[in-house]
Amino acid sequence: MLLPLQGVRVLDLSRTFPGAWCTRLLSDLGAEVIRVEAPGVGDMLRGPTGSTSAHVGLNRGKRSVTLDTRSGSGIEVLRRLVVTADAVVDSAPPAARAAAGFGYPQAAELNPRLVWVGLSAFGLDGPYAGRAGHEITFLGHSGALTAIAGQLPWMPQTPIAAPLAGAVASAALSAALVAAARTGSGSLFDVSIDDVATWLLAATPGRFSGIDSDAGWAAGRRLYRCADDRWVTVAAAEARTWHALCRVLDADDLVDRLWADEDEQVTMAERFEKVFATRPAADWVAVGSKATIGPVNDGVQLVDDPHVSARGTLVDIAGTLVPAAPFRLGAAGELQPAPPTGLPTLGEDTDDILRAAGVSDEELAQLRATGTI
């Protein structure tokens with residue numbers, strides 16, 4: 001299977017989750033991703049044991065090189081690697097690369113076609129540039145946290161802004177590669193995780209001027225508990241699906257009440273709650289496809305979901321189930337998932353990649369002796 005980014009080499013200098021999400025997607029699309037990691041310890045995703053489930057999920061399909069990019073000798077090696085690359089993904093704070101004396105301006109002199117994506121917390125400029133943060137930082141500052149939660153306090157239990165920032169960065173990088181192929185000139189992209197979190201609100205811009213744009217809790221758009229204590233989702237937000245929901249729940253007298261006021265919505269929801277409580281969730285899902293009734297799965301339940309099994313949504317990598325590439329490709333009627341790929345051990349590709357970049361065996365021995373690789 002010929003993947004779209006086959007033949008593209010990406011140096012991944014990032015140390016955090018968003019960069020790993022970005023290059024995981026690029027790898028799924030066929031790019032050769034070289035993860036540049038700290039000698040002896042690797043990046044933060046590996047953890048103290050050398051591998052974690054997060055590391056497996058985000059770094060499969062990549063290659064691993066160990067290199068101390070803070071040292072003078074390490075920067076000299078990085079200069080050689082940049083010449084061989086099509087793109088760089090970096091998560092260093094805005095001033096860090098400048099302080100080390102090697103960033104996009106210096107890399108572009110060596111490789112004018114190079115695309116460089118700086119994926120940082122708050123971007124390369126502004127009063128918050130250089131600040132650290134994590135998922136809740138960006139969701140809170142951006143306004144997304146209150147938009148999602150409705151009531152505080154609320155703590156997201158899985159990343160939202162970080163993977164979306166990685167996807168935005170991968171899209172920007174792919175577009176820049178097309179431009180570089182056309183013009184012969186690379187470019188610098190500044191992707192702020194905080195900006196991406198704000199971008200989550202692009203469909204509800206009324207929030208920025210104080211206009212209430214909450215989705216609300218209409219009877220046809222909420223969760224319902226079933227007889228087996230499992231929950232189902234209902235998203236009957238238009239006439240067609242609302243009518244189907246009313247038929248499934250034996251509530252034909254309500255088919256014209258989709259846009260009822262809030263008090264009536266509460267009354268209808270209470271009525272629906274009693275009906276849903278009479279049958280197990282699987283029964284409602286089986287009869288409710290046109291009524292947008294769907295299951296609420298946790299991770300373990302998802303493993304046995306028939307749609308997930310049929311699509312190959314989860315794949316086994318080194319004994320850990322991880323999400324497969326989130327796309328299918330091929331000719332019409334022959335769409336296939338990208339093939340699953342293995343996991344690199346720390347630094348396993350160092351010698352091969354550096355030799356290909358012109359580093360001699362004598363230099364390799366010296367770099368290893370000094371802890372540079």
# chains A, B, ... in the order shown; residues from 1 in each chain; ligands from 1
>>> residues_around(residues="Arg271 in chain A", least_positions_apart="5", cutoff="12 Å", atoms="only C-alpha atoms", output="PyMOL selection string")
chain A and resi 219-220+224+246+249-251+254+264-266+276-278
>>> select_by_dssp(residues="range 41-274 of chain A", states="strand (DSSP E)", output="PyMOL selection string")
chain A and resi 63-66+87-90+115-120+187-192+221-225+231-235
>>> atom_distance(atom1="CA of Ala227 in chain A", atom2="CA of Gln301 in chain A")
17.2 Å
>>> closest_atom_pairs(of="range 11-41 of chain A", to="range 129-146 of chain A", cutoff="12 Å", atoms="only C-alpha atoms", output="tab-separated table")
residue	atom	partner	partner_atom	distance
A:Thr16	CA	A:His134	CA	9.9
A:Phe17	CA	A:His134	CA	9.7
A:Pro18	CA	A:Glu135	CA	10.0
>>> write_last_selection(atoms="all heavy atoms", output="PDB file, in the first residue's frame")
ATOM      1  N   THR A  16       6.997  16.225  24.276  1.00  0.00           N
ATOM      2  CA  THR A  16       5.729  16.163  24.981  1.00  0.00           C
ATOM      3  C   THR A  16       4.654  15.499  24.117  1.00  0.00           C
ATOM      4  O   THR A  16       4.863  15.195  22.941  1.00  0.00           O
ATOM      5  CB  THR A  16       5.265  17.577  25.374  1.00  0.00           C
ATOM      6  OG1 THR A  16       5.233  18.405  24.199  1.00  0.00           O
ATOM      7  CG2 THR A  16       6.222  18.198  26.386  1.00  0.00           C
ATOM      8  N   PHE A  17       3.475  15.313  24.728  1.00  0.00           N
ATOM      9  CA  PHE A  17       2.384  14.582  24.077  1.00  0.00           C
ATOM     10  C   PHE A  17       1.937  15.195  22.751  1.00  0.00           C
ATOM     11  O   PHE A  17       1.737  14.451  21.778  1.00  0.00           O
ATOM     12  CB  PHE A  17       1.194  14.494  25.037  1.00  0.00           C
ATOM     13  CG  PHE A  17       1.351  13.434  26.096  1.00  0.00           C
ATOM     14  CD1 PHE A  17       2.098  13.678  27.231  1.00  0.00           C
ATOM     15  CD2 PHE A  17       0.753  12.197  25.951  1.00  0.00           C
ATOM     16  CE1 PHE A  17       2.237  12.708  28.214  1.00  0.00           C
ATOM     17  CE2 PHE A  17       0.883  11.219  26.925  1.00  0.00           C
ATOM     18  CZ  PHE A  17       1.632  11.471  28.058  1.00  0.00           C
ATOM     19  N   PRO A  18       1.708  16.502  22.643  1.00  0.00           N
ATOM     20  CA  PRO A  18       1.188  17.020  21.367  1.00  0.00           C
ATOM     21  C   PRO A  18       2.095  16.707  20.183  1.00  0.00           C
ATOM     22  O   PRO A  18       1.616  16.347  19.103  1.00  0.00           O
ATOM     23  CB  PRO A  18       1.081  18.524  21.618  1.00  0.00           C
ATOM     24  CG  PRO A  18       0.906  18.637  23.097  1.00  0.00           C
ATOM     25  CD  PRO A  18       1.755  17.555  23.678  1.00  0.00           C
TER      26      PRO A  18
END
>>> residues_around(residues="range 168-178 of chain A", least_positions_apart="6", cutoff="9 Å", atoms="only C-alpha atoms", output="number ranges by chain")
A: 5, 8, 18-19, 21-23, 25-26, 86-89, 113-119, 186-191, 196
>>> residues_around(residues="range 319-336 of chain A", least_positions_apart="6", cutoff="8 Å", atoms="only C-alpha atoms", output="count of residues only")
8
>>> select_by_dssp(residues="range 119-255 of chain A", states="alpha helix (DSSP H)", output="MDAnalysis selection string")
chainID A and resid 135:142 144:149 161:183 193:199 239:248
>>> write_last_selection(atoms="N, CA and C atoms", output="compact mmCIF listing (two decimals), in the first residue's frame")
# COMPACT_ATOMS: atom_id res chain seq x y z
N GLU A 135 -2.95 20.05 29.82
CA GLU A 135 -4.28 20.03 29.21
C GLU A 135 -5.25 21.00 29.89
N ILE A 136 -5.34 20.93 31.20
CA ILE A 136 -6.32 21.76 31.90
C ILE A 136 -5.96 23.24 31.81
N THR A 137 -4.64 23.54 31.66
CA THR A 137 -4.20 24.92 31.50
C THR A 137 -4.82 25.52 30.25
N PHE A 138 -4.71 24.80 29.15
CA PHE A 138 -5.15 25.34 27.86
C PHE A 138 -6.67 25.36 27.75
N LEU A 139 -7.32 24.31 28.25
CA LEU A 139 -8.79 24.30 28.21
C LEU A 139 -9.35 25.40 29.09
N GLY A 140 -8.70 25.65 30.24
CA GLY A 140 -9.17 26.70 31.12
C GLY A 140 -8.98 28.08 30.54
N HIS A 141 -7.77 28.39 30.06
CA HIS A 141 -7.48 29.73 29.54
C HIS A 141 -8.28 30.04 28.29
N SER A 142 -8.49 29.05 27.45
CA SER A 142 -9.11 29.27 26.14
C SER A 142 -10.61 29.50 26.20
N ALA A 144 -12.55 26.89 26.59
CA ALA A 144 -13.13 25.61 26.21
C ALA A 144 -13.61 24.82 27.42
N LEU A 145 -12.94 24.95 28.56
CA LEU A 145 -13.30 24.17 29.74
C LEU A 145 -14.73 24.48 30.18
N THR A 146 -15.07 25.76 30.29
CA THR A 146 -16.42 26.13 30.71
C THR A 146 -17.44 25.80 29.63
N ALA A 147 -17.02 25.83 28.36
CA ALA A 147 -17.94 25.47 27.28
C ALA A 147 -18.28 23.99 27.31
N ILE A 148 -17.30 23.16 27.67
CA ILE A 148 -17.52 21.72 27.69
C ILE A 148 -18.23 21.29 28.97
N ALA A 149 -17.81 21.86 30.11
CA ALA A 149 -18.26 21.36 31.40
C ALA A 149 -19.61 21.93 31.83
N ALA A 161 -7.19 19.04 24.05
CA ALA A 161 -6.44 20.05 23.31
C ALA A 161 -5.15 19.48 22.72
N ALA A 162 -4.47 18.60 23.46
CA ALA A 162 -3.18 18.09 23.00
C ALA A 162 -3.28 17.29 21.70
N PRO A 163 -4.18 16.29 21.60
CA PRO A 163 -4.27 15.56 20.33
C PRO A 163 -4.77 16.43 19.19
N LEU A 164 -5.68 17.38 19.49
CA LEU A 164 -6.16 18.27 18.43
C LEU A 164 -5.02 19.17 17.95
N ALA A 165 -4.19 19.65 18.86
CA ALA A 165 -3.04 20.46 18.46
C ALA A 165 -2.08 19.64 17.60
N GLY A 166 -1.89 18.38 17.95
CA GLY A 166 -1.04 17.52 17.12
C GLY A 166 -1.61 17.33 15.73
N ALA A 167 -2.94 17.17 15.63
CA ALA A 167 -3.58 17.02 14.32
C ALA A 167 -3.47 18.30 13.50
N VAL A 168 -3.67 19.46 14.15
CA VAL A 168 -3.53 20.74 13.45
C VAL A 168 -2.10 20.91 12.95
N ALA A 169 -1.13 20.57 13.78
CA ALA A 169 0.28 20.69 13.38
C ALA A 169 0.59 19.76 12.21
N SER A 170 0.04 18.55 12.22
CA SER A 170 0.32 17.62 11.12
C SER A 170 -0.32 18.12 9.82
N ALA A 171 -1.51 18.73 9.92
CA ALA A 171 -2.15 19.28 8.73
C ALA A 171 -1.34 20.45 8.18
N ALA A 172 -0.87 21.33 9.06
CA ALA A 172 -0.07 22.47 8.62
C ALA A 172 1.23 22.00 7.98
N LEU A 173 1.86 21.01 8.60
CA LEU A 173 3.12 20.49 8.06
C LEU A 173 2.90 19.85 6.68
N SER A 174 1.85 19.07 6.54
CA SER A 174 1.58 18.43 5.25
C SER A 174 1.32 19.46 4.15
N ALA A 175 0.55 20.51 4.50
CA ALA A 175 0.28 21.57 3.52
C ALA A 175 1.56 22.30 3.15
N ALA A 176 2.42 22.53 4.15
CA ALA A 176 3.68 23.22 3.87
C ALA A 176 4.61 22.38 3.00
N LEU A 177 4.54 21.06 3.14
CA LEU A 177 5.33 20.20 2.27
C LEU A 177 4.90 20.33 0.81
N VAL A 178 3.59 20.45 0.61
CA VAL A 178 3.07 20.65 -0.76
C VAL A 178 3.61 21.97 -1.32
N ALA A 179 3.57 23.03 -0.51
CA ALA A 179 4.07 24.33 -0.96
C ALA A 179 5.56 24.27 -1.24
N ALA A 180 6.31 23.57 -0.39
CA ALA A 180 7.76 23.47 -0.59
C ALA A 180 8.08 22.73 -1.88
N ALA A 181 7.30 21.70 -2.19
CA ALA A 181 7.51 20.97 -3.44
C ALA A 181 7.23 21.85 -4.65
N ARG A 182 6.28 22.77 -4.49
CA ARG A 182 5.90 23.64 -5.60
C ARG A 182 6.86 24.82 -5.76
N THR A 183 7.32 25.39 -4.65
CA THR A 183 8.12 26.62 -4.69
C THR A 183 9.60 26.43 -4.43
N ILE A 193 -0.83 25.37 21.38
CA ILE A 193 -1.84 24.47 21.91
C ILE A 193 -3.01 25.28 22.48
N ASP A 194 -2.69 26.41 23.09
CA ASP A 194 -3.73 27.27 23.65
C ASP A 194 -4.62 27.84 22.54
N ASP A 195 -4.03 28.27 21.43
CA ASP A 195 -4.82 28.76 20.30
C ASP A 195 -5.74 27.66 19.76
N VAL A 196 -5.21 26.43 19.70
CA VAL A 196 -6.01 25.32 19.19
C VAL A 196 -7.19 25.05 20.12
N ALA A 197 -6.96 25.16 21.43
CA ALA A 197 -8.06 24.97 22.38
C ALA A 197 -9.15 26.01 22.15
N THR A 198 -8.77 27.25 21.86
CA THR A 198 -9.75 28.29 21.55
C THR A 198 -10.47 27.97 20.24
N TRP A 199 -9.75 27.40 19.30
CA TRP A 199 -10.32 27.03 17.99
C TRP A 199 -11.45 26.01 18.15
N ALA A 239 -35.88 16.86 13.16
CA ALA A 239 -37.21 16.27 13.09
C ALA A 239 -37.17 14.78 12.76
N ARG A 240 -36.35 14.39 11.79
CA ARG A 240 -36.33 12.99 11.34
C ARG A 240 -35.94 12.06 12.48
N THR A 241 -34.88 12.38 13.20
CA THR A 241 -34.42 11.50 14.27
C THR A 241 -35.32 11.60 15.49
N TRP A 242 -35.89 12.79 15.74
CA TRP A 242 -36.83 12.94 16.86
C TRP A 242 -38.08 12.09 16.64
N HIS A 243 -38.59 12.10 15.41
CA HIS A 243 -39.77 11.29 15.12
C HIS A 243 -39.45 9.81 15.32
N ALA A 244 -38.25 9.38 14.89
CA ALA A 244 -37.86 7.98 15.07
C ALA A 244 -37.74 7.63 16.55
N LEU A 245 -37.21 8.56 17.35
CA LEU A 245 -37.09 8.32 18.78
C LEU A 245 -38.46 8.16 19.43
N CYS A 246 -39.37 9.03 19.06
CA CYS A 246 -40.71 8.94 19.63
C CYS A 246 -41.38 7.61 19.28
N ARG A 247 -41.16 7.12 18.06
CA ARG A 247 -41.75 5.84 17.66
C ARG A 247 -41.15 4.69 18.49
N VAL A 248 -39.80 4.70 18.66
CA VAL A 248 -39.13 3.65 19.41
C VAL A 248 -39.60 3.63 20.87
>>> residues_around(residues="His55 in chain A", least_positions_apart="5", cutoff="8 Å", atoms="only C-alpha atoms", output="list in words")
Leu45, Arg46 and Arg60 of chain A
>>> write_last_selection(atoms="C-alpha atoms", output="short mmCIF file (atom, residue, chain, number, x, y, z; two decimals), in the first residue's frame")
data_model
loop_
_atom_site.label_atom_id
_atom_site.label_comp_id
_atom_site.auth_asym_id
_atom_site.auth_seq_id
_atom_site.Cartn_x
_atom_site.Cartn_y
_atom_site.Cartn_z
CA LEU A 45 6.51 9.34 27.36
CA ARG A 46 8.82 6.38 28.04
CA ARG A 60 4.67 3.02 17.17
#
>>> residues_around(residues="range 39-42 of chain A", least_positions_apart="2", cutoff="7 Å", atoms="only C-alpha atoms", output="PyMOL selection string")
chain A and resi 37+44+46+66-68+346+371+373
>>> atom_distance(atom1="CA of Ile293 in chain A", atom2="CA of Trp217 in chain A")
15.5 Å
>>> residues_around(residues="Lys62 in chain A", least_positions_apart="3", cutoff="7 Å", atoms="only C-alpha atoms", output="list in words")
Ser27, Glu32, Val33, Ile34, Arg35, Asn59, Leu343 and Pro344 of chain A
>>> atom_distance(atom1="CA of Val255 in chain A", atom2="CA of Lys290 in chain A")
14.5 Å
>>> closest_residue(among="A:Val287, A:Ala281, A:Leu364, A:Cys226", to="Ser73 in chain A", atoms="only C-alpha atoms")
A:Leu364
